[in-house]
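Structure below is query14.csv: CSV, C-alpha atoms and all ligand atoms.
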```csv
chain,number,residue,atom,x,y,z
Q,211,MET,CA,-86.3,-63.3,146.4
Q,212,ILE,CA,-85.1,-66.9,147.1
Q,213,ALA,CA,-86.1,-67.9,150.6
Q,214,VAL,CA,-83.2,-69.8,152.2
Q,215,GLY,CA,-83.4,-71.8,155.4
Q,216,ILE,CA,-80.2,-72.8,157.2
Q,217,ASN,CA,-80.2,-75.9,159.4
Q,218,GLY,CA,-77.2,-75.8,161.7
Q,219,TYR,CA,-75.8,-72.4,162.7
Q,220,GLY,CA,-72.2,-73.3,163.5
Q,221,THR,CA,-68.9,-72.5,161.7
Q,222,ILE,CA,-70.3,-72.9,158.2
Q,223,GLY,CA,-74.0,-72.2,158.9
Q,224,LYS,CA,-73.4,-68.7,160.3
Q,225,ARG,CA,-71.2,-67.7,157.4
Q,226,VAL,CA,-73.8,-69.0,154.9
Q,227,ALA,CA,-76.5,-67.0,156.7
Q,228,ASP,CA,-74.4,-63.8,156.5
Q,229,ALA,CA,-73.6,-64.4,152.9
Q,230,VAL,CA,-77.3,-65.1,152.0
Q,231,ASP,CA,-78.2,-61.9,153.8
Q,232,ARG,CA,-75.8,-59.9,151.5
Q,233,GLN,CA,-77.4,-61.3,148.2
Q,234,PRO,CA,-79.7,-59.0,146.4
Q,235,ASP,CA,-81.9,-61.9,145.4
Q,236,MET,CA,-82.1,-64.0,148.6
Q,237,ARG,CA,-83.4,-63.7,152.1
Q,238,VAL,CA,-82.8,-65.8,155.3
Q,239,THR,CA,-86.1,-67.5,156.4
Q,240,GLY,CA,-84.4,-68.7,159.6
Q,241,VAL,CA,-81.7,-70.8,161.2
Q,242,THR,CA,-81.7,-73.7,163.6
Q,243,LYS,CA,-79.9,-74.1,166.9
Q,244,THR,CA,-79.9,-77.2,169.1
Q,245,GLN,CA,-78.4,-75.4,172.1
Q,246,ALA,CA,-78.2,-71.9,173.6
Q,247,THR,CA,-74.6,-71.4,172.7
Q,248,HIS,CA,-73.2,-67.9,171.9
Q,249,GLU,CA,-74.1,-68.4,168.3
Q,250,ALA,CA,-77.8,-68.4,169.1
Q,251,TRP,CA,-77.4,-64.9,170.5
Q,252,THR,CA,-75.5,-63.9,167.3
Q,253,ALA,CA,-78.5,-65.2,165.3
Q,254,LYS,CA,-80.9,-63.1,167.4
Q,255,GLU,CA,-78.7,-60.0,167.1
Q,256,ARG,CA,-78.6,-60.5,163.3
Q,257,SER,CA,-82.5,-60.8,163.3
Q,258,PHE,CA,-82.4,-64.4,161.9
Q,259,PRO,CA,-85.5,-66.2,163.2
Q,260,LEU,CA,-84.4,-69.1,165.4
Q,261,HIS,CA,-86.0,-72.5,164.8
Q,262,ALA,CA,-85.8,-75.5,167.0
Q,263,PRO,CA,-85.0,-78.9,165.3
Q,264,SER,CA,-86.4,-80.8,168.3
Q,265,ASP,CA,-88.5,-80.3,171.5
Q,266,SER,CA,-85.3,-80.4,173.6
Q,267,ALA,CA,-83.8,-77.7,171.5
Q,268,ARG,CA,-86.9,-75.5,171.9
Q,269,THR,CA,-86.8,-76.0,175.7
Q,270,ALA,CA,-83.0,-75.1,175.8
Q,271,LEU,CA,-83.5,-72.0,173.7
Q,272,GLU,CA,-86.6,-70.8,175.6
Q,273,GLU,CA,-85.1,-71.5,179.0
Q,274,ALA,CA,-82.2,-69.2,178.0
Q,275,GLY,CA,-84.7,-66.5,177.1
Q,276,LEU,CA,-84.2,-66.8,173.3
Q,277,PRO,CA,-87.3,-66.4,171.1
Q,278,VAL,CA,-88.2,-69.5,169.1
Q,279,ALA,CA,-89.9,-68.7,165.8
Q,280,GLY,CA,-91.0,-72.3,165.0
Q,281,SER,CA,-89.9,-75.8,164.4
Q,282,ILE,CA,-87.6,-77.3,161.7
Q,283,ASP,CA,-90.8,-78.3,159.8
Q,284,ASP,CA,-92.0,-74.7,159.8
Q,285,LEU,CA,-88.5,-73.6,158.5
Q,286,VAL,CA,-88.5,-76.1,155.6
Q,287,THR,CA,-92.1,-75.2,154.7
Q,288,ALA,CA,-91.2,-71.5,154.5
Q,289,SER,CA,-88.0,-72.0,152.5
Q,290,ASP,CA,-87.4,-72.4,148.7
Q,291,VAL,CA,-84.0,-73.9,149.4
Q,292,MET,CA,-82.6,-75.5,152.5
Q,293,VAL,CA,-78.8,-75.3,153.3
Q,294,ASP,CA,-77.9,-78.1,155.7
Q,295,ALA,CA,-74.8,-77.1,157.8
Q,296,THR,CA,-75.2,-79.7,160.5
Q,297,PRO,CA,-72.1,-81.6,161.7
Q,298,SER,CA,-70.7,-84.3,159.4
Q,299,GLY,CA,-73.1,-87.2,159.0
Q,300,ILE,CA,-76.1,-85.5,160.6
Q,301,GLY,CA,-77.3,-84.0,157.3
Q,302,ALA,CA,-78.3,-87.5,156.2
Q,303,GLU,CA,-80.8,-87.6,159.1
Q,304,TYR,CA,-82.6,-84.6,157.5
Q,305,GLU,CA,-82.5,-85.8,153.9
Q,306,GLY,CA,-86.0,-87.4,154.2
Q,307,LEU,CA,-87.5,-84.3,155.8
Q,308,TYR,CA,-86.3,-82.0,153.0
Q,309,ALA,CA,-87.5,-84.5,150.4
Q,310,ASP,CA,-91.0,-84.9,152.1
Q,311,HIS,CA,-91.5,-81.2,151.7
Q,312,GLY,CA,-90.2,-81.2,148.1
Q,313,THR,CA,-87.6,-78.6,149.2
Q,314,PRO,CA,-84.3,-78.6,147.3
Q,315,ALA,CA,-81.4,-79.1,149.7
Q,316,ILE,CA,-77.7,-78.3,149.8
Q,317,PHE,CA,-75.5,-80.6,151.9
Q,318,GLN,CA,-71.9,-79.9,153.0
Q,319,GLY,CA,-68.7,-81.9,152.3
Q,320,GLY,CA,-68.9,-83.8,155.6
Q,321,GLU,CA,-71.8,-85.8,154.3
Q,322,ALA,CA,-71.2,-89.0,152.2
Q,323,PRO,CA,-70.9,-88.2,148.5
Q,324,ASP,CA,-73.9,-90.3,147.7
Q,325,ILE,CA,-76.2,-88.0,149.7
Q,326,ALA,CA,-76.8,-86.2,146.4
Q,327,PRO,CA,-76.4,-87.2,142.8
Q,328,VAL,CA,-74.0,-84.3,142.1
Q,329,SER,CA,-71.1,-82.8,144.1
Q,330,PHE,CA,-71.1,-79.1,143.5
Q,331,ASN,CA,-68.6,-76.6,142.2
Q,332,SER,CA,-70.0,-73.7,140.3
Q,333,GLN,CA,-67.3,-73.9,137.5
Q,334,VAL,CA,-68.1,-77.5,136.9
Q,335,SER,CA,-71.5,-78.8,138.0
Q,336,TYR,CA,-73.9,-75.9,138.1
Q,337,ASP,CA,-76.2,-77.0,135.2
Q,338,GLU,CA,-76.1,-80.6,136.4
Q,339,THR,CA,-77.2,-79.5,139.9
Q,340,ARG,CA,-80.0,-77.5,138.5
Q,341,ARG,CA,-81.5,-80.7,137.1
Q,342,ALA,CA,-80.6,-82.8,140.2
Q,343,GLY,CA,-82.8,-81.1,142.8
Q,344,ARG,CA,-80.2,-81.5,145.6
Q,345,THR,CA,-76.5,-81.3,145.8
Q,346,ARG,CA,-73.5,-81.6,148.1
Q,347,VAL,CA,-70.9,-78.8,148.1
Q,348,LEU,CA,-67.4,-80.2,147.9
Q,349,SER,CA,-65.4,-80.0,151.2
Q,350,CYS,CA,-63.1,-77.1,151.9
Q,351,ASN,CA,-60.1,-79.0,150.5
Q,352,GLY,CA,-62.1,-80.3,147.6
Q,353,THR,CA,-63.4,-76.9,146.7
Q,354,GLY,CA,-59.8,-75.4,146.8
Q,355,LEU,CA,-58.4,-78.1,144.6
Q,356,CYS,CA,-61.4,-78.1,142.2
Q,357,ARG,CA,-61.0,-74.4,141.5
Q,358,VAL,CA,-57.3,-74.9,140.4
Q,359,ILE,CA,-58.0,-78.0,138.4
Q,360,ALA,CA,-61.0,-76.6,136.6
Q,361,THR,CA,-59.3,-73.3,135.8
Q,362,LEU,CA,-56.2,-74.8,134.4
Q,363,ASP,CA,-58.1,-77.6,132.7
Q,364,ARG,CA,-60.3,-75.1,130.8
Q,365,ARG,CA,-57.2,-73.2,129.5
Q,366,PHE,CA,-54.5,-75.8,129.1
Q,367,GLY,CA,-56.1,-79.2,129.6
Q,368,VAL,CA,-55.2,-81.3,132.7
Q,369,GLU,CA,-54.1,-84.9,132.2
Q,370,SER,CA,-53.6,-85.8,135.9
Q,371,ALA,CA,-53.4,-84.2,139.3
Q,372,GLN,CA,-51.4,-84.8,142.4
Q,373,ALA,CA,-51.7,-82.9,145.7
Q,374,THR,CA,-50.4,-83.1,149.3
Q,375,ILE,CA,-52.9,-81.6,151.7
Q,376,VAL,CA,-51.6,-80.3,155.0
Q,377,ARG,CA,-54.8,-80.3,157.0
Q,378,ARG,CA,-55.5,-78.0,160.0
Q,379,GLY,CA,-56.2,-80.1,163.2
Q,380,GLY,CA,-59.4,-78.2,163.9
Q,381,ASP,CA,-61.2,-74.9,163.6
Q,382,PRO,CA,-60.4,-72.1,166.1
Q,383,ASP,CA,-63.5,-72.9,168.2
Q,384,GLN,CA,-62.6,-76.6,168.5
Q,385,PRO,CA,-60.1,-76.8,171.5
Q,386,ASP,CA,-60.8,-80.5,171.9
Q,387,ARG,CA,-59.4,-81.5,168.5
Q,388,GLY,CA,-55.8,-82.3,167.8
Q,389,PRO,CA,-53.0,-83.3,167.3
Q,390,ILE,CA,-51.3,-81.0,169.8
Q,391,ASN,CA,-47.7,-82.2,169.0
Q,392,ASP,CA,-47.7,-84.5,166.0
Q,393,ILE,CA,-47.9,-84.9,162.3
Q,394,VAL,CA,-50.5,-87.5,161.4
Q,395,PRO,CA,-51.0,-89.2,158.0
Q,396,ASP,CA,-54.8,-88.6,157.8
Q,397,PRO,CA,-55.8,-90.9,156.2
Q,398,ILE,CA,-52.8,-93.2,155.9
Q,399,SER,CA,-54.3,-94.7,152.7
Q,400,VAL,CA,-53.5,-93.2,149.3
Q,401,PRO,CA,-55.3,-91.6,147.6
Q,402,SER,CA,-57.1,-89.8,150.4
Q,403,HIS,CA,-60.8,-89.4,150.1
Q,404,HIS,CA,-60.2,-85.9,148.6
Q,405,GLY,CA,-58.9,-87.4,145.4
Q,406,THR,CA,-61.7,-89.9,145.1
Q,407,ASP,CA,-64.2,-87.1,145.6
Q,408,LEU,CA,-62.6,-85.0,142.9
Q,409,GLU,CA,-62.6,-87.8,140.4
Q,410,ARG,CA,-66.4,-87.8,140.7
Q,411,VAL,CA,-66.3,-84.2,139.5
Q,412,PHE,CA,-63.5,-84.8,136.9
Q,413,PRO,CA,-64.1,-88.4,135.7
Q,414,GLU,CA,-61.4,-88.0,133.0
Q,415,ILE,CA,-58.6,-86.8,135.3
Q,416,PRO,CA,-56.8,-89.2,137.8
Q,417,VAL,CA,-56.4,-87.2,141.0
Q,418,THR,CA,-53.9,-88.6,143.6
Q,419,THR,CA,-54.1,-86.9,147.0
Q,420,MET,CA,-52.2,-87.5,150.2
Q,421,ALA,CA,-53.1,-85.8,153.5
Q,422,LEU,CA,-51.4,-85.0,156.8
Q,423,THR,CA,-53.0,-83.4,159.8
Q,424,VAL,CA,-50.9,-80.9,161.8
Q,425,PRO,CA,-51.3,-78.9,165.0
Q,426,THR,CA,-52.9,-75.6,163.7
Q,427,THR,CA,-56.3,-74.1,163.5
Q,428,LEU,CA,-55.4,-71.5,160.9
Q,429,MET,CA,-55.7,-73.0,157.4
Q,430,HIS,CA,-55.0,-75.9,155.1
Q,431,VAL,CA,-52.0,-75.8,152.8
Q,432,HIS,CA,-51.8,-77.7,149.5
Q,433,THR,CA,-48.9,-78.5,147.3
Q,434,VAL,CA,-50.3,-79.2,143.9
Q,435,SER,CA,-48.8,-80.6,140.6
Q,436,LEU,CA,-50.9,-80.9,137.5
Q,437,GLU,CA,-49.7,-82.6,134.3
Q,438,LEU,CA,-51.0,-80.4,131.5
Q,439,GLU,CA,-51.8,-81.3,127.9
Q,440,THR,CA,-49.8,-78.2,126.7
Q,441,ASP,CA,-46.6,-76.6,128.0
Q,442,PRO,CA,-47.4,-73.0,129.0
Q,443,THR,CA,-45.0,-70.6,130.6
Q,444,ALA,CA,-45.2,-70.1,134.3
Q,445,ALA,CA,-46.4,-66.5,133.6
Q,446,ALA,CA,-49.3,-67.8,131.5
Q,447,ALA,CA,-50.3,-70.2,134.2
Q,448,ARG,CA,-50.1,-67.5,136.9
Q,449,ARG,CA,-52.2,-65.1,134.8
Q,450,THR,CA,-54.8,-67.8,134.1
Q,451,LEU,CA,-55.1,-68.4,137.9
Q,452,ALA,CA,-55.2,-64.7,138.7
Q,453,GLU,CA,-58.1,-64.2,136.2
Q,454,GLN,CA,-60.2,-66.7,138.2
Q,455,SER,CA,-62.1,-64.5,140.7
Q,456,ARG,CA,-61.9,-67.2,143.4
Q,457,CYS,CA,-58.2,-67.5,143.2
Q,458,SER,CA,-55.9,-64.8,144.5
Q,459,VAL,CA,-52.2,-65.0,143.3
Q,460,LEU,CA,-50.1,-63.5,146.0
Q,461,GLU,CA,-46.9,-61.4,145.6
Q,462,SER,CA,-44.5,-62.3,148.4
Q,463,GLU,CA,-42.0,-59.4,148.2
Q,464,TYR,CA,-43.8,-57.5,151.0
Q,465,GLY,CA,-45.7,-60.5,152.4
Q,466,PRO,CA,-47.8,-62.3,153.5
Q,467,THR,CA,-45.6,-65.3,153.3
Q,468,SER,CA,-47.2,-67.7,155.8
Q,469,CYS,CA,-50.8,-68.7,156.8
Q,470,GLY,CA,-50.7,-66.6,160.0
Q,471,SER,CA,-49.5,-63.4,158.2
Q,472,LEU,CA,-52.0,-64.1,155.4
Q,473,LEU,CA,-54.9,-64.2,157.8
Q,474,GLU,CA,-53.6,-61.1,159.5
Q,475,PHE,CA,-53.5,-59.3,156.1
Q,476,VAL,CA,-57.1,-60.4,155.4
Q,477,ARG,CA,-58.3,-59.4,158.9
Q,478,ASP,CA,-57.0,-55.9,158.3
Q,479,ARG,CA,-59.4,-55.7,155.3
Q,480,ARG,CA,-62.5,-57.9,156.1
Q,481,PRO,CA,-64.7,-57.8,159.2
Q,482,ARG,CA,-64.7,-61.5,160.0
Q,483,GLY,CA,-61.3,-62.1,158.4
Q,484,ASP,CA,-62.8,-64.7,156.0
Q,485,LEU,CA,-60.7,-65.6,153.0
Q,486,TRP,CA,-63.1,-67.0,150.4
Q,487,GLU,CA,-60.5,-67.3,147.7
Q,488,ASN,CA,-57.7,-69.8,147.2
Q,489,ALA,CA,-54.5,-68.0,148.2
Q,490,ILE,CA,-51.8,-69.1,145.8
Q,491,TRP,CA,-48.3,-67.9,146.3
Q,492,GLY,CA,-47.3,-66.5,142.9
Q,493,GLU,CA,-43.6,-67.4,143.1
Q,494,SER,CA,-44.5,-71.1,143.7
Q,495,VAL,CA,-46.3,-71.3,140.3
Q,496,THR,CA,-43.8,-73.0,138.1
Q,497,VAL,CA,-44.0,-75.1,135.0
Q,498,ARG,CA,-41.5,-77.9,134.1
Q,499,ASP,CA,-42.0,-80.2,131.1
Q,500,GLY,CA,-45.7,-79.4,131.0
Q,501,THR,CA,-46.3,-79.9,134.7
Q,502,VAL,CA,-47.5,-76.9,136.7
Q,503,SER,CA,-46.7,-76.8,140.4
Q,504,LEU,CA,-48.0,-74.4,143.1
Q,505,ILE,CA,-48.5,-73.9,146.8
Q,506,GLN,CA,-51.8,-72.6,148.1
Q,507,ALA,CA,-53.5,-71.9,151.4
Q,508,ILE,CA,-57.2,-72.6,151.9
Q,509,HIS,CA,-59.3,-71.0,154.7
Q,510,GLN,CA,-61.4,-74.0,155.7
Q,511,GLU,CA,-64.1,-71.9,157.4
Q,512,SER,CA,-65.0,-69.8,154.4
Q,513,ASP,CA,-63.9,-71.1,151.0
Q,514,VAL,CA,-67.1,-73.1,150.6
Q,515,ILE,CA,-69.4,-70.1,151.2
Q,516,PRO,CA,-69.4,-68.6,147.6
Q,517,GLU,CA,-70.0,-72.1,146.2
Q,518,THR,CA,-72.9,-72.6,148.6
Q,519,ILE,CA,-74.5,-69.4,147.5
Q,520,ASP,CA,-74.1,-70.4,143.9
Q,521,ALA,CA,-75.6,-73.8,144.7
Q,522,VAL,CA,-78.7,-72.0,146.0
Q,523,ARG,CA,-79.2,-70.3,142.7
Q,524,ALA,CA,-78.4,-73.5,140.7
Q,525,LEU,CA,-81.2,-75.3,142.6
Q,526,ASP,CA,-83.6,-72.4,142.3
Q,527,GLY,CA,-82.9,-72.2,138.6
Q,528,SER,CA,-83.2,-68.4,138.4
Q,529,VAL,CA,-80.0,-67.6,136.6
Q,530,ASP,CA,-77.1,-69.2,134.8
Q,531,ALA,CA,-73.7,-70.0,136.4
Q,532,GLU,CA,-71.8,-67.0,135.1
Q,533,THR,CA,-74.5,-64.6,136.4
Q,534,SER,CA,-74.6,-66.3,139.8
Q,535,ARG,CA,-70.8,-66.3,140.2
Q,536,ALA,CA,-70.6,-62.6,139.3
Q,537,ARG,CA,-73.4,-61.7,141.7
Q,538,THR,CA,-71.9,-63.7,144.5
Q,539,ASP,CA,-68.4,-62.2,143.9
Q,540,VAL,CA,-69.7,-58.6,143.9
Q,541,SER,CA,-72.0,-59.0,146.9
Q,542,LEU,CA,-69.3,-60.7,149.1
Q,543,GLY,CA,-66.5,-58.4,147.8
Q,544,LEU,CA,-64.3,-61.2,146.4
Q,545,GLY,CA,-60.9,-60.3,145.1
Q,546,PHE,CA,-57.9,-58.7,146.7
Q,547,GLU,CA,-54.3,-58.0,145.8
Q,548,THR,CA,-51.2,-58.2,148.0
Q,549,PRO,CA,-48.8,-55.3,147.9
Q,550,ARG,CA,-46.6,-55.1,144.7
Q,551,ARG,CA,-44.2,-52.5,143.2
Q,552,GLU,CA,-46.1,-49.9,141.2
Q,553,SER,CA,-43.3,-50.0,138.6
Q,554,ALA,CA,-43.3,-53.8,138.2
Q,555,THR,CA,-43.2,-54.6,134.5
Q,556,PRO,CA,-45.4,-57.4,133.2
Q,557,GLU,CA,-43.8,-60.9,133.1
Q,558,PRO,CA,-42.9,-62.0,129.6
Q,559,GLY,CA,-44.6,-65.1,128.2
W,601,LIG,P1,-70.2,-77.0,163.5
W,601,LIG,O1,-70.1,-78.1,164.5
W,601,LIG,O2,-69.4,-75.8,163.6
W,601,LIG,O3,-71.7,-76.5,163.3
W,601,LIG,C1,-72.8,-77.4,163.2
W,601,LIG,C2,-74.0,-76.8,163.8
W,601,LIG,O4,-75.1,-77.7,163.8
W,601,LIG,C3,-73.9,-76.4,165.3
W,601,LIG,O5,-74.5,-75.2,165.5
W,601,LIG,C4,-74.7,-77.5,166.0
W,601,LIG,O6,-75.2,-77.1,167.3
W,601,LIG,C5,-75.7,-77.8,165.0
W,601,LIG,N1,-76.3,-79.2,165.2
W,601,LIG,C6,-75.8,-80.3,165.8
W,601,LIG,N2,-76.6,-81.3,165.7
W,601,LIG,C7,-77.7,-80.9,165.1
W,601,LIG,C8,-78.9,-81.5,164.7
W,601,LIG,N3,-79.2,-82.8,165.0
W,601,LIG,N4,-79.9,-80.7,164.0
W,601,LIG,C9,-79.6,-79.4,163.7
W,601,LIG,N5,-78.4,-78.8,164.0
W,601,LIG,C10,-77.5,-79.5,164.7
W,601,LIG,O7,-69.9,-77.7,162.1
W,601,LIG,P2,-69.3,-77.1,160.8
W,601,LIG,O8,-67.8,-77.0,160.9
W,601,LIG,O9,-70.1,-75.8,160.5
W,601,LIG,O10,-69.6,-78.2,159.7
W,601,LIG,C11,-70.9,-78.3,159.1
W,601,LIG,C12,-70.7,-79.0,157.8
W,601,LIG,O11,-69.8,-78.3,156.9
W,601,LIG,C13,-70.1,-80.4,157.9
W,601,LIG,O12,-70.6,-81.3,156.9
W,601,LIG,C14,-68.6,-80.2,157.7
W,601,LIG,O13,-67.9,-81.3,157.2
W,601,LIG,C15,-68.7,-79.1,156.6
W,601,LIG,N6,-67.5,-78.3,156.4
W,601,LIG,C16,-66.9,-77.8,157.5
W,601,LIG,C17,-65.7,-77.0,157.3
W,601,LIG,C18,-65.0,-76.5,158.5
W,601,LIG,O14,-63.8,-76.2,158.4
W,601,LIG,N7,-65.6,-76.2,159.6
W,601,LIG,C19,-65.3,-76.7,156.0
W,601,LIG,C20,-66.0,-77.1,154.9
W,601,LIG,C21,-67.1,-77.9,155.1
```
Could I get this file's structure written as structure tokens?
Amino acid sequence: MIAVGINGYGTIGKRVADAVDRQPDMRVTGVTKTQATHEAWTAKERSFPLHAPSDSARTALEEAGLPVAGSIDDLVTASDVMVDATPSGIGAEYEGLYADHGTPAIFQGGEAPDIAPVSFNSQVSYDETRRAGRTRVLSCNGTGLCRVIATLDRRFGVESAQATIVRRGGDPDQPDRGPINDIVPDPISVPSHHGTDLERVFPEIPVTTMALTVPTTLMHVHTVSLELETDPTAAAARRTLAEQSRCSVLESEYGPTSCGSLLEFVRDRRPRGDLWENAIWGESVTVRDGTVSLIQAIHQESDVIPETIDAVRALDGSVDAETSRARTDVSLGLGFETPRRESATPEPG
């Protein structure tokens, strides 16, 4: 069993902990909390040992009556792999601690890319990560775009990529983030950092991204165009995407046709309502003169979770990428289909 410690038990950290708990070859050694927020009680209810990253955190947790199992040092010592899910930029403060213990570490996309020699996606950089000893999982937007580029590149070859990213203003538990009534070029510069990040993973493919932040907490939406080396039919492109277990190609006849209805559809089927897959609207997948275009929705809180689990196995070195991906998919229950006519005949092409 791979012993996994999680530093930071917020939006991403609590989802990583639950996902680790569902793996047949992993166990949670503990999680950290700096404050006695409701998530600390969730960790206690889930029987994840609470660790304090500082003396003030220990005091806050103990004063609230929460049991503290140990310090962050104890947690790193007890863990084979650390997942850092602290807020953007804070992971860098822990880099030295993980290194001093010789414990492989996974950082999240809010950290600067140079925090690790490799940015992680299990389709592209699994073996490289194995050798690197630490990694940074691509951001939620980066992960969603990487899956599409990697999948279509493997089958048809991708010459260049363009995407517009409509970013959610904040997560559902971030009432202080905005905008509340605006559409903000974020960043104004082109390409946005998402494209630069992806070019590190695909050095041969120019990736131009532009990003706008809007007043929603639901999801991100991407419009994507990829110039291909070949000129497949739209049906072939759709099939190729649908065969990727972390992409779901949606039928829209019976819905869902918006982010809100998509999340409602998923909540009807999954306890936390997490959507780990890219949700690609099938009708949007079109090909003109060798350029494939599509529209997809990305659930920012959960799409990086399967990749983080694969990153644990990549760093541990226990299994290869395909085995890890399959194990992660089965244990989390990835893959869903939206309603479609039983009698529908397969698309030609
Ligand atoms: P969050 O604020 O929801 O959770 C962070 C947790 O870390 C909180 O529990 C907080 O109390 C704790 N923390 C704060 N300071 C700490 C410290 N010094 N030591 C230990 N713990 C500390 O943040 P999040 O949204 O889970 O983001 C975590 C990382 O994941 C960031 O790098 C972020 O960019 C990345 N990420 C976030 C999302 C998203 O949509 N939320 C998506 C993909 C990647």
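Using only C-alpha atoms, the contacts of Met236 (chain Q) at a cut-off of 7 Å, with sequence neighbours closer than 4 positions omitted, comprise Q:Met211, Q:Ile212, Q:Ala213, Q:Val214, Q:Val230, Q:Asp231.
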Counting all atoms listed in the file, what are the residues of chain Q within 7 Å of ligand LIG 601 (chain W), and for each of them which pair of atoms is the nearest and at what distance in Å, to one decimal? Sort the table by chain and rising number, as CSV.
```
residue,atom,partner,partner_atom,distance
Q:Asn217,CA,W:LIG601,C9,5.6
Q:Gly218,CA,W:LIG601,O4,3.5
Q:Tyr219,CA,W:LIG601,O5,4.2
Q:Gly220,CA,W:LIG601,O3,3.2
Q:Thr221,CA,W:LIG601,O9,3.7
Q:Ile222,CA,W:LIG601,O9,3.7
Q:Gly223,CA,W:LIG601,O9,5.5
Q:Thr242,CA,W:LIG601,C9,6.1
Q:Lys243,CA,W:LIG601,O6,5.6
Q:Thr244,CA,W:LIG601,O6,5.0
Q:Gln245,CA,W:LIG601,O6,6.0
Q:Pro263,CA,W:LIG601,N4,5.6
Q:Ala295,CA,W:LIG601,C11,4.3
Q:Thr296,CA,W:LIG601,O4,3.9
Q:Pro297,CA,W:LIG601,C11,4.4
Q:Ser298,CA,W:LIG601,O12,3.9
Q:Gly299,CA,W:LIG601,O12,6.7
Q:Ile300,CA,W:LIG601,N3,6.0
Q:Gln318,CA,W:LIG601,O12,4.3
Q:Gly319,CA,W:LIG601,O13,5.0
Q:Gly320,CA,W:LIG601,O13,3.1
Q:Glu321,CA,W:LIG601,O12,5.3
Q:Ser349,CA,W:LIG601,C20,4.7
Q:Cys350,CA,W:LIG601,C20,4.2
Q:Asp381,CA,W:LIG601,O14,6.0
Q:Gln510,CA,W:LIG601,O14,4.2
Q:Glu511,CA,W:LIG601,O14,4.4
Q:Val514,CA,W:LIG601,C20,6.0
```
Check which residues of region 304-382 of chain Q sit at most 10 Å from region 523-528 of chain Q using only C-alpha atoms, and return one row each with the closest pair of atoms and their distance in Å to one decimal, ordered by chain and rising number, as CSV.
```
residue,atom,partner,partner_atom,distance
Q:Thr313,CA,Q:Leu525,CA,9.8
Q:Pro314,CA,Q:Leu525,CA,6.5
Q:Ala315,CA,Q:Leu525,CA,8.1
Q:Ile316,CA,Q:Leu525,CA,8.5
Q:Phe330,CA,Q:Ala524,CA,9.6
Q:Ser332,CA,Q:Ala524,CA,8.4
Q:Ser335,CA,Q:Ala524,CA,9.1
Q:Tyr336,CA,Q:Ala524,CA,5.7
Q:Asp337,CA,Q:Ala524,CA,6.9
Q:Glu338,CA,Q:Ala524,CA,8.6
Q:Thr339,CA,Q:Ala524,CA,6.2
Q:Arg340,CA,Q:Leu525,CA,4.8
Q:Arg341,CA,Q:Leu525,CA,7.7
Q:Ala342,CA,Q:Leu525,CA,7.9
Q:Gly343,CA,Q:Leu525,CA,6.0
Q:Arg344,CA,Q:Leu525,CA,7.0
Q:Thr345,CA,Q:Leu525,CA,8.3
```
Which residues of region 315-415 of chain Q sit at most 8 Å from region 436-448 of chain Q, using all atoms listed in the file? Give each one's shortest atom pair and distance in Å (one decimal place), in chain and ascending residue order, as JSON lines.
```
{"residue": "Q:Ile359", "atom": "CA", "partner": "Q:Leu436", "partner_atom": "CA", "distance": 7.7}
{"residue": "Q:Leu362", "atom": "CA", "partner": "Q:Ala447", "partner_atom": "CA", "distance": 7.5}
{"residue": "Q:Asp363", "atom": "CA", "partner": "Q:Leu438", "partner_atom": "CA", "distance": 7.7}
{"residue": "Q:Phe366", "atom": "CA", "partner": "Q:Thr440", "partner_atom": "CA", "distance": 5.8}
{"residue": "Q:Gly367", "atom": "CA", "partner": "Q:Glu439", "partner_atom": "CA", "distance": 5.1}
{"residue": "Q:Val368", "atom": "CA", "partner": "Q:Leu438", "partner_atom": "CA", "distance": 4.5}
{"residue": "Q:Glu369", "atom": "CA", "partner": "Q:Glu437", "partner_atom": "CA", "distance": 5.4}
{"residue": "Q:Ser370", "atom": "CA", "partner": "Q:Glu437", "partner_atom": "CA", "distance": 5.3}
{"residue": "Q:Ala371", "atom": "CA", "partner": "Q:Leu436", "partner_atom": "CA", "distance": 4.5}
{"residue": "Q:Gln372", "atom": "CA", "partner": "Q:Leu436", "partner_atom": "CA", "distance": 6.3}
```
Next item on the list: Can you pull out every residue within 10 Å of region 384-399 of chain Q, counting all atoms listed in the file, but drop anything in the same chain fewer than 3 positions away, and send it as a list in words?
Entry: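 Neighbouring residues, sequence-local ones excluded: Ile375, Val376, Arg377, Arg378, Gly379, Gly380, Asp381, Ser402, His403, Thr419, Met420, Ala421, Leu422, Thr423, Val424, Pro425, Thr426 and Thr427 of chain Q.
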Prev. selection, C-alpha atoms, output as a short mmCIF file (atom, residue, chain, number, x, y, z; two decimals), in the frame of the given file:
```cif
data_model
loop_
_atom_site.label_atom_id
_atom_site.label_comp_id
_atom_site.auth_asym_id
_atom_site.auth_seq_id
_atom_site.Cartn_x
_atom_site.Cartn_y
_atom_site.Cartn_z
CA ILE Q 375 -52.90 -81.60 151.70
CA VAL Q 376 -51.60 -80.30 155.00
CA ARG Q 377 -54.80 -80.30 157.00
CA ARG Q 378 -55.50 -78.00 160.00
CA GLY Q 379 -56.20 -80.10 163.20
CA GLY Q 380 -59.40 -78.20 163.90
CA ASP Q 381 -61.20 -74.90 163.60
CA SER Q 402 -57.10 -89.80 150.40
CA HIS Q 403 -60.80 -89.40 150.10
CA THR Q 419 -54.10 -86.90 147.00
CA MET Q 420 -52.20 -87.50 150.20
CA ALA Q 421 -53.10 -85.80 153.50
CA LEU Q 422 -51.40 -85.00 156.80
CA THR Q 423 -53.00 -83.40 159.80
CA VAL Q 424 -50.90 -80.90 161.80
CA PRO Q 425 -51.30 -78.90 165.00
CA THR Q 426 -52.90 -75.60 163.70
CA THR Q 427 -56.30 -74.10 163.50
#
```
